[in-house]
Amino acid sequence: MTEEPVHVHTEGRTGVVTLNRPKALNALTHGMVETIAAALDRWEHDPEVATVVITGAGERGLCAGGDIRSIYEDARAGGKASAAFWRDEYRLNARIARYPKPYVAVMDGIVMGGGVGVSAHGSVRIVTERSKVAMPETGIGFVPDVGGTYLLALAPGELGTHLALTGAVVGARDALLCGLADHFVPAAELPAFLAGLRTEAPTEVLRRHVRDAPGGTLEADRPWIDHCYAADTVEEIVERLLASDAPAAGEAAKTILGRSPVALKVTLASLRRARELGPLERVLEQEYRVSYAALASADLVEGIRAQVIDKDRSPRWTPGTLVEVTEADVARYFAPTGDGELVLAAADSPQEVPW
């Protein structure tokens, strides 16, 4: 494999994208997004390529998200590079969701943030017993993006709200339950699965390799999750969690209370709005406004500092409590960006699956 951060090649009938920054858990950069987009453009009209596959180099996972160290430095300098990165990244997320050929995402190992964006919008999403899927943005003073609020808003009941506010990591069975993945394939069978795609359609190969996923936890937790997270405000959600008899509910409350208060309130508003917006493209447009506003917030820089730069795990959020976050604070995140608006053309109807 080349030393390029994205390795693009063909194997039989398959176009393969391999994220190739294993030491950085294949974190996405702007250049990587551009490379993936160019490959999709090229393969869409290539009759020799029937299926596209995305996977990650190394043993730890597909992708841990965007390169947040770069976002940290850029946010401190004004945020122009990050805004440009997100514009192209969100365009890519929408492109993946509408891609006319099978797009097979191998969600093995860690798949978080931007990694979800380049995988969970695909048409064939594979998880394994090693999968660790999450949208952990509130922990760094940010809000789920890359179409994450769209996906989580579609999850059964209030499971998506739970995952968005806490940033909880889920395994294969829970990812399937939440609609973040489609099929479980044991990790040991991935080489044979990928080899089969070189000559056969995904439906044929899946028949040989799909298995039942090992047990998760969210199905049993649905009663307290659906009750607690149906509340209208983050404050009430926390109150219900603390009043619940379920030990896991108390742990969720503790986690939430350690997150950025403003990010929590904007996340809840984003999810509730996403349910009314319609297609993915409209939600991505909203997410761009939110992300753009976050670049000017103190919490994004502070969250990355605490979790990634200094690693003291002691962020000093502004404001410091939920009650201090006003409606105006939240509304600012949804304000139009003026000439910098992201505008995506939504399909009039769901993409017909041609395979």
# chains A, B, ... in the order shown; residues from 1 in each chain; ligands from 1
>>> residues_around(residues="Arg275 in chain A", least_positions_apart="4", cutoff="10 Å", atoms="only C-alpha atoms", output="PyMOL selection string")
chain A and resi 149-154+270-271+279+283
>>> select_by_dssp(residues="range 109-264 of chain A", states="strand (DSSP E or B)", output="PDB file with C-alpha atoms, in the first residue's frame")
ATOM      1  CA  GLY A 109     -13.220  -1.451  15.003  1.00  0.00           C
ATOM      2  CA  ILE A 110     -13.543   2.226  15.930  1.00  0.00           C
ATOM      3  CA  VAL A 111     -16.055   4.194  13.836  1.00  0.00           C
ATOM      4  CA  MET A 112     -16.751   7.605  15.304  1.00  0.00           C
ATOM      5  CA  VAL A 124     -24.391  -1.817   2.681  1.00  0.00           C
ATOM      6  CA  ARG A 125     -23.044  -1.212   6.189  1.00  0.00           C
ATOM      7  CA  ILE A 126     -21.104  -4.037   7.838  1.00  0.00           C
ATOM      8  CA  VAL A 127     -20.292  -4.291  11.542  1.00  0.00           C
ATOM      9  CA  LYS A 132     -17.259   0.520  18.362  1.00  0.00           C
ATOM     10  CA  VAL A 133     -19.630   3.091  16.890  1.00  0.00           C
ATOM     11  CA  ALA A 134     -20.266   6.518  18.412  1.00  0.00           C
ATOM     12  CA  VAL A 170     -22.237   0.892  20.866  1.00  0.00           C
ATOM     13  CA  HIS A 183     -25.382  -6.585   8.644  1.00  0.00           C
ATOM     14  CA  PHE A 184     -23.096  -8.405  11.063  1.00  0.00           C
ATOM     15  CA  ARG A 211     -24.455 -13.952  10.944  1.00  0.00           C
TER      16      ARG A 211
END
>>> select_by_dssp(residues="range 22-173 of chain A", states="helix (DSSP H, G or I)", output="number ranges by chain")
A: 22-24, 30-44, 68-77, 80-97, 114-117, 137-140, 148-153, 159-166, 172-173
>>> closest_residue(among="A:Ile140, A:Leu163, A:Leu28, A:Leu277", to="Gly115 in chain A", atoms="only C-alpha atoms")
A:Leu28
>>> residues_around(residues="range 15-22 of chain A", least_positions_apart="5", cutoff="9 Å", atoms="only C-alpha atoms", output="PyMOL selection string")
chain A and resi 1-10+27-28+32+36+39-40+43+49-63+198
>>> write_last_selection(atoms="N, CA, C and O atoms", output="short mmCIF file (atom, residue, chain, number, x, y, z; two decimals), in the first residue's frame")
data_model
loop_
_atom_site.label_atom_id
_atom_site.label_comp_id
_atom_site.auth_asym_id
_atom_site.auth_seq_id
_atom_site.Cartn_x
_atom_site.Cartn_y
_atom_site.Cartn_z
N MET A 1 0.85 -1.20 0.00
CA MET A 1 0.00 0.00 0.00
C MET A 1 0.88 1.25 0.00
O MET A 1 1.93 1.29 0.62
N THR A 2 0.46 2.28 -0.73
CA THR A 2 1.21 3.52 -0.79
C THR A 2 1.16 4.23 0.56
O THR A 2 0.40 3.88 1.44
N GLU A 3 1.97 5.30 0.69
CA GLU A 3 1.98 6.08 1.91
C GLU A 3 0.94 7.20 1.88
O GLU A 3 0.86 7.99 2.82
N GLU A 4 0.15 7.29 0.81
CA GLU A 4 -0.88 8.32 0.73
C GLU A 4 -1.93 8.11 1.82
O GLU A 4 -2.22 6.98 2.21
N PRO A 5 -2.53 9.20 2.33
CA PRO A 5 -3.51 9.06 3.41
C PRO A 5 -4.79 8.35 3.00
O PRO A 5 -5.53 7.87 3.86
N VAL A 6 -5.06 8.29 1.69
CA VAL A 6 -6.14 7.47 1.17
C VAL A 6 -5.59 6.66 0.01
O VAL A 6 -5.02 7.22 -0.92
N HIS A 7 -5.77 5.36 0.10
CA HIS A 7 -5.31 4.48 -0.98
C HIS A 7 -6.53 4.08 -1.81
O HIS A 7 -7.48 3.50 -1.29
N VAL A 8 -6.51 4.42 -3.10
CA VAL A 8 -7.62 4.16 -4.00
C VAL A 8 -7.16 3.22 -5.10
O VAL A 8 -6.17 3.49 -5.79
N HIS A 9 -7.88 2.09 -5.26
CA HIS A 9 -7.52 1.16 -6.33
C HIS A 9 -8.73 0.29 -6.66
O HIS A 9 -9.78 0.39 -6.01
N THR A 10 -8.59 -0.55 -7.66
CA THR A 10 -9.66 -1.48 -8.01
C THR A 10 -9.19 -2.91 -7.83
O THR A 10 -8.01 -3.23 -8.00
N ALA A 27 -7.95 9.31 10.96
CA ALA A 27 -8.70 10.56 11.06
C ALA A 27 -8.71 11.29 9.73
O ALA A 27 -7.70 11.35 9.02
N LEU A 28 -9.86 11.87 9.40
CA LEU A 28 -10.06 12.50 8.10
C LEU A 28 -9.48 13.90 8.04
O LEU A 28 -9.67 14.71 8.95
N MET A 32 -8.18 14.16 2.27
CA MET A 32 -8.73 12.81 2.20
C MET A 32 -10.16 12.84 1.68
O MET A 32 -10.57 12.01 0.86
N ILE A 36 -11.56 10.94 -1.75
CA ILE A 36 -12.69 10.01 -1.78
C ILE A 36 -13.74 10.49 -2.77
O ILE A 36 -14.27 9.71 -3.57
N ALA A 39 -12.72 9.83 -6.33
CA ALA A 39 -12.83 8.41 -6.68
C ALA A 39 -14.28 8.04 -6.97
O ALA A 39 -14.57 7.31 -7.94
N LEU A 40 -15.22 8.54 -6.16
CA LEU A 40 -16.63 8.25 -6.39
C LEU A 40 -17.09 8.82 -7.73
O LEU A 40 -17.85 8.18 -8.46
N TRP A 43 -15.63 6.48 -10.49
CA TRP A 43 -16.19 5.13 -10.55
C TRP A 43 -17.67 5.11 -10.91
O TRP A 43 -18.17 4.11 -11.41
N VAL A 49 -16.43 -0.96 -12.73
CA VAL A 49 -16.60 -0.91 -11.28
C VAL A 49 -18.08 -1.06 -10.95
O VAL A 49 -18.90 -0.22 -11.29
N ALA A 50 -18.42 -2.16 -10.29
CA ALA A 50 -19.81 -2.45 -9.95
C ALA A 50 -20.13 -2.09 -8.51
O ALA A 50 -21.29 -1.80 -8.18
N THR A 51 -19.12 -2.12 -7.64
CA THR A 51 -19.32 -1.92 -6.21
C THR A 51 -18.17 -1.09 -5.65
O THR A 51 -17.03 -1.25 -6.09
N VAL A 52 -18.48 -0.22 -4.70
CA VAL A 52 -17.45 0.55 -4.01
C VAL A 52 -17.36 0.06 -2.56
O VAL A 52 -18.39 -0.20 -1.92
N VAL A 53 -16.14 -0.08 -2.07
CA VAL A 53 -15.90 -0.51 -0.69
C VAL A 53 -15.04 0.53 0.01
O VAL A 53 -14.07 1.03 -0.57
N ILE A 54 -15.38 0.87 1.26
CA ILE A 54 -14.50 1.71 2.07
C ILE A 54 -14.11 0.95 3.32
O ILE A 54 -14.94 0.30 3.97
N THR A 55 -12.83 0.99 3.62
CA THR A 55 -12.29 0.30 4.78
C THR A 55 -11.14 1.12 5.34
O THR A 55 -10.78 2.16 4.79
N GLY A 56 -10.58 0.68 6.46
CA GLY A 56 -9.50 1.42 7.10
C GLY A 56 -8.26 0.57 7.29
O GLY A 56 -8.35 -0.63 7.58
N ALA A 57 -7.11 1.21 7.14
CA ALA A 57 -5.83 0.52 7.36
C ALA A 57 -5.58 0.35 8.85
O ALA A 57 -6.08 1.11 9.68
N GLY A 58 -4.78 -0.65 9.18
CA GLY A 58 -4.44 -0.89 10.58
C GLY A 58 -5.43 -1.79 11.27
O GLY A 58 -6.41 -2.24 10.69
N GLU A 59 -5.19 -2.04 12.54
CA GLU A 59 -5.98 -3.00 13.30
C GLU A 59 -7.04 -2.36 14.20
O GLU A 59 -7.85 -3.06 14.79
N ARG A 60 -7.05 -1.02 14.29
CA ARG A 60 -7.89 -0.41 15.33
C ARG A 60 -9.25 0.07 14.84
O ARG A 60 -10.16 0.21 15.66
N GLY A 61 -9.41 0.33 13.56
CA GLY A 61 -10.74 0.74 13.13
C GLY A 61 -10.77 1.42 11.79
O GLY A 61 -9.74 1.71 11.18
N LEU A 62 -11.99 1.69 11.35
CA LEU A 62 -12.20 2.38 10.08
C LEU A 62 -11.75 3.83 10.17
O LEU A 62 -10.94 4.30 9.36
N CYS A 63 -12.27 4.58 11.15
CA CYS A 63 -11.97 6.01 11.24
C CYS A 63 -12.50 6.55 12.56
O CYS A 63 -13.66 6.35 12.89
N ARG A 198 -15.30 -8.96 -5.38
CA ARG A 198 -14.53 -8.73 -6.62
C ARG A 198 -15.23 -9.31 -7.84
O ARG A 198 -15.03 -8.84 -8.96
#
>>> closest_atom_pairs(of="range 244-281 of chain A", to="range 318-332 of chain A", cutoff="7 Å", atoms="only C-alpha atoms", output="Markdown table")
| residue | atom | partner | partner_atom | distance |
| --- | --- | --- | --- | --- |
| A:Pro261 | CA | A:Leu322 | CA | 4.9 |
| A:Val262 | CA | A:Val325 | CA | 6.0 |
| A:Lys265 | CA | A:Val330 | CA | 6.8 |
| A:Val266 | CA | A:Val330 | CA | 5.6 |
>>> write_last_selection(atoms="all heavy atoms", output="PDB file, in the first residue's frame")
ATOM      1  N   PRO A 261     -22.528  22.182  28.469  1.00  0.00           N
ATOM      2  CA  PRO A 261     -23.950  22.507  28.584  1.00  0.00           C
ATOM      3  C   PRO A 261     -24.550  23.088  27.309  1.00  0.00           C
ATOM      4  O   PRO A 261     -25.654  22.709  26.904  1.00  0.00           O
ATOM      5  CB  PRO A 261     -23.976  23.524  29.729  1.00  0.00           C
ATOM      6  CG  PRO A 261     -22.806  23.153  30.569  1.00  0.00           C
ATOM      7  CD  PRO A 261     -21.751  22.761  29.584  1.00  0.00           C
ATOM      8  N   VAL A 262     -23.843  23.995  26.657  1.00  0.00           N
ATOM      9  CA  VAL A 262     -24.404  24.576  25.440  1.00  0.00           C
ATOM     10  C   VAL A 262     -24.454  23.543  24.322  1.00  0.00           C
ATOM     11  O   VAL A 262     -25.428  23.484  23.557  1.00  0.00           O
ATOM     12  CB  VAL A 262     -23.634  25.845  25.009  1.00  0.00           C
ATOM     13  CG1 VAL A 262     -22.230  25.514  24.521  1.00  0.00           C
ATOM     14  CG2 VAL A 262     -24.407  26.604  23.940  1.00  0.00           C
ATOM     15  N   LYS A 265     -27.549  21.358  24.807  1.00  0.00           N
ATOM     16  CA  LYS A 265     -28.821  21.979  24.436  1.00  0.00           C
ATOM     17  C   LYS A 265     -28.941  22.141  22.927  1.00  0.00           C
ATOM     18  O   LYS A 265     -30.025  21.955  22.348  1.00  0.00           O
ATOM     19  CB  LYS A 265     -28.985  23.312  25.149  1.00  0.00           C
ATOM     20  CG  LYS A 265     -29.230  23.151  26.650  1.00  0.00           C
ATOM     21  CD  LYS A 265     -29.861  24.388  27.258  1.00  0.00           C
ATOM     22  CE  LYS A 265     -30.286  24.149  28.696  1.00  0.00           C
ATOM     23  NZ  LYS A 265     -30.988  25.310  29.282  1.00  0.00           N
ATOM     24  N   VAL A 266     -27.846  22.466  22.265  1.00  0.00           N
ATOM     25  CA  VAL A 266     -27.878  22.589  20.802  1.00  0.00           C
ATOM     26  C   VAL A 266     -28.072  21.212  20.166  1.00  0.00           C
ATOM     27  O   VAL A 266     -28.782  21.070  19.166  1.00  0.00           O
ATOM     28  CB  VAL A 266     -26.593  23.262  20.282  1.00  0.00           C
ATOM     29  CG1 VAL A 266     -26.573  23.274  18.753  1.00  0.00           C
ATOM     30  CG2 VAL A 266     -26.493  24.684  20.819  1.00  0.00           C
TER      31      VAL A 266
END
>>> closest_residue(among="A:Gly167, A:Glu236, A:Thr128, A:Leu242", to="Val210 in chain A", atoms="only C-alpha atoms")
A:Thr128
>>> atom_distance(atom1="CA of Ala164 in chain A", atom2="CA of Ala75 in chain A")
22.7 Å
>>> residues_around(residues="Thr166 in chain A", least_positions_apart="6", cutoff="12 Å", atoms="only C-alpha atoms", output="PyMOL selection string")
chain A and resi 134-140+143-144+159-160+225+229+234+237-238+248-261+263-264+267-268
>>> write_last_selection(atoms="N, CA, C and O atoms", output="short mmCIF file (atom, residue, chain, number, x, y, z; two decimals), in the first residue's frame")
data_model
loop_
_atom_site.label_atom_id
_atom_site.label_comp_id
_atom_site.auth_asym_id
_atom_site.auth_seq_id
_atom_site.Cartn_x
_atom_site.Cartn_y
_atom_site.Cartn_z
N ALA A 134 -19.83 5.44 17.52
CA ALA A 134 -20.27 6.52 18.41
C ALA A 134 -20.24 7.86 17.71
O ALA A 134 -19.51 8.07 16.74
N MET A 135 -21.05 8.77 18.25
CA MET A 135 -21.00 10.20 17.89
C MET A 135 -20.70 10.94 19.20
O MET A 135 -21.61 11.37 19.90
N PRO A 136 -19.42 11.10 19.54
CA PRO A 136 -19.04 11.58 20.89
C PRO A 136 -18.82 13.09 20.99
O PRO A 136 -18.15 13.56 21.91
N GLU A 137 -19.42 13.86 20.07
CA GLU A 137 -19.06 15.27 19.93
C GLU A 137 -19.32 16.14 21.16
O GLU A 137 -18.58 17.11 21.41
N THR A 138 -20.37 15.86 21.94
CA THR A 138 -20.66 16.73 23.09
C THR A 138 -19.51 16.74 24.09
O THR A 138 -19.37 17.70 24.85
N GLY A 139 -18.68 15.71 24.07
CA GLY A 139 -17.55 15.65 24.98
C GLY A 139 -16.44 16.63 24.65
O GLY A 139 -15.57 16.90 25.48
N ILE A 140 -16.45 17.18 23.42
CA ILE A 140 -15.46 18.20 23.06
C ILE A 140 -16.13 19.55 22.79
O ILE A 140 -15.57 20.40 22.09
N VAL A 143 -21.21 19.35 18.39
CA VAL A 143 -22.54 18.77 18.19
C VAL A 143 -22.43 17.71 17.09
O VAL A 143 -21.69 17.90 16.12
N PRO A 144 -23.12 16.57 17.20
CA PRO A 144 -23.06 15.56 16.15
C PRO A 144 -23.32 16.17 14.76
O PRO A 144 -24.27 16.92 14.58
N LEU A 159 -33.56 6.30 21.46
CA LEU A 159 -32.20 5.76 21.49
C LEU A 159 -31.19 6.75 20.91
O LEU A 159 -30.08 6.91 21.43
N GLY A 160 -31.58 7.42 19.83
CA GLY A 160 -30.67 8.37 19.21
C GLY A 160 -30.36 9.56 20.11
O GLY A 160 -29.22 10.06 20.13
N ILE A 225 -34.81 4.56 28.74
CA ILE A 225 -34.31 5.51 27.74
C ILE A 225 -35.46 6.28 27.09
O ILE A 225 -35.44 7.52 27.01
N TYR A 229 -35.59 10.34 27.96
CA TYR A 229 -35.15 11.23 26.89
C TYR A 229 -36.30 11.84 26.09
O TYR A 229 -36.06 12.66 25.19
N VAL A 234 -32.98 19.42 28.33
CA VAL A 234 -31.88 18.62 28.87
C VAL A 234 -31.98 18.54 30.38
O VAL A 234 -31.72 17.49 30.98
N ILE A 237 -34.46 15.93 31.22
CA ILE A 237 -33.90 14.61 30.90
C ILE A 237 -33.01 14.15 32.05
O ILE A 237 -33.10 13.01 32.52
N VAL A 238 -32.13 15.03 32.52
CA VAL A 238 -31.23 14.68 33.62
C VAL A 238 -32.03 14.35 34.88
O VAL A 238 -31.72 13.38 35.59
N ALA A 248 -27.97 2.15 35.04
CA ALA A 248 -27.41 2.72 33.82
C ALA A 248 -27.92 4.13 33.57
O ALA A 248 -27.23 4.95 32.95
N ALA A 249 -29.13 4.43 34.03
CA ALA A 249 -29.68 5.77 33.87
C ALA A 249 -28.89 6.78 34.69
O ALA A 249 -28.60 7.89 34.23
N GLY A 250 -28.54 6.40 35.90
CA GLY A 250 -27.72 7.27 36.73
C GLY A 250 -26.36 7.53 36.12
O GLY A 250 -25.84 8.66 36.18
N GLU A 251 -25.77 6.51 35.51
CA GLU A 251 -24.48 6.67 34.84
C GLU A 251 -24.61 7.61 33.65
O GLU A 251 -23.72 8.43 33.38
N ALA A 252 -25.73 7.50 32.92
CA ALA A 252 -25.96 8.38 31.78
C ALA A 252 -26.07 9.83 32.24
O ALA A 252 -25.51 10.75 31.62
N ALA A 253 -26.78 10.05 33.36
CA ALA A 253 -26.91 11.41 33.91
C ALA A 253 -25.54 11.98 34.28
O ALA A 253 -25.23 13.14 33.99
N LYS A 254 -24.72 11.16 34.90
CA LYS A 254 -23.37 11.61 35.30
C LYS A 254 -22.56 11.99 34.07
O LYS A 254 -21.84 13.01 34.07
N THR A 255 -22.66 11.19 33.02
CA THR A 255 -21.94 11.48 31.78
C THR A 255 -22.40 12.79 31.18
O THR A 255 -21.60 13.65 30.80
N ILE A 256 -23.72 12.96 31.08
CA ILE A 256 -24.28 14.17 30.48
C ILE A 256 -23.83 15.41 31.25
O ILE A 256 -23.47 16.43 30.65
N LEU A 257 -23.83 15.34 32.56
CA LEU A 257 -23.47 16.50 33.37
C LEU A 257 -22.00 16.88 33.24
O LEU A 257 -21.60 17.96 33.64
N GLY A 258 -21.20 16.00 32.63
CA GLY A 258 -19.80 16.34 32.38
C GLY A 258 -19.57 16.92 31.00
O GLY A 258 -18.45 17.36 30.69
N ARG A 259 -20.62 16.94 30.16
CA ARG A 259 -20.51 17.46 28.80
C ARG A 259 -20.72 18.97 28.77
O ARG A 259 -21.19 19.57 29.72
N SER A 260 -20.41 19.56 27.63
CA SER A 260 -20.62 21.00 27.44
C SER A 260 -22.10 21.32 27.52
O SER A 260 -22.90 20.81 26.74
N PRO A 261 -22.53 22.18 28.47
CA PRO A 261 -23.95 22.51 28.58
C PRO A 261 -24.55 23.09 27.31
O PRO A 261 -25.65 22.71 26.90
N ALA A 263 -23.44 22.70 24.22
CA ALA A 263 -23.44 21.66 23.19
C ALA A 263 -24.60 20.69 23.41
O ALA A 263 -25.22 20.22 22.45
N LEU A 264 -24.90 20.37 24.67
CA LEU A 264 -26.02 19.48 24.97
C LEU A 264 -27.34 20.08 24.50
O LEU A 264 -28.15 19.40 23.87
N THR A 267 -27.48 20.19 20.75
CA THR A 267 -27.65 18.83 20.24
C THR A 267 -29.10 18.39 20.33
O THR A 267 -29.66 17.84 19.36
N LEU A 268 -29.73 18.60 21.47
CA LEU A 268 -31.13 18.22 21.62
C LEU A 268 -32.00 18.98 20.61
O LEU A 268 -32.87 18.38 19.95
#
>>> residues_around(residues="Tyr292 in chain A", least_positions_apart="6", cutoff="8 Å", atoms="only C-alpha atoms", output="list in words")
Ala83, Tyr333 and Thr337 of chain A
>>> write_last_selection(atoms="C-alpha atoms", output="CSV table (one decimal), in the first residue's frame")
chain,number,residue,atom,x,y,z
A,83,ALA,CA,-15.5,25.6,7.5
A,333,TYR,CA,-26.2,28.1,16.4
A,337,THR,CA,-24.4,32.0,7.7
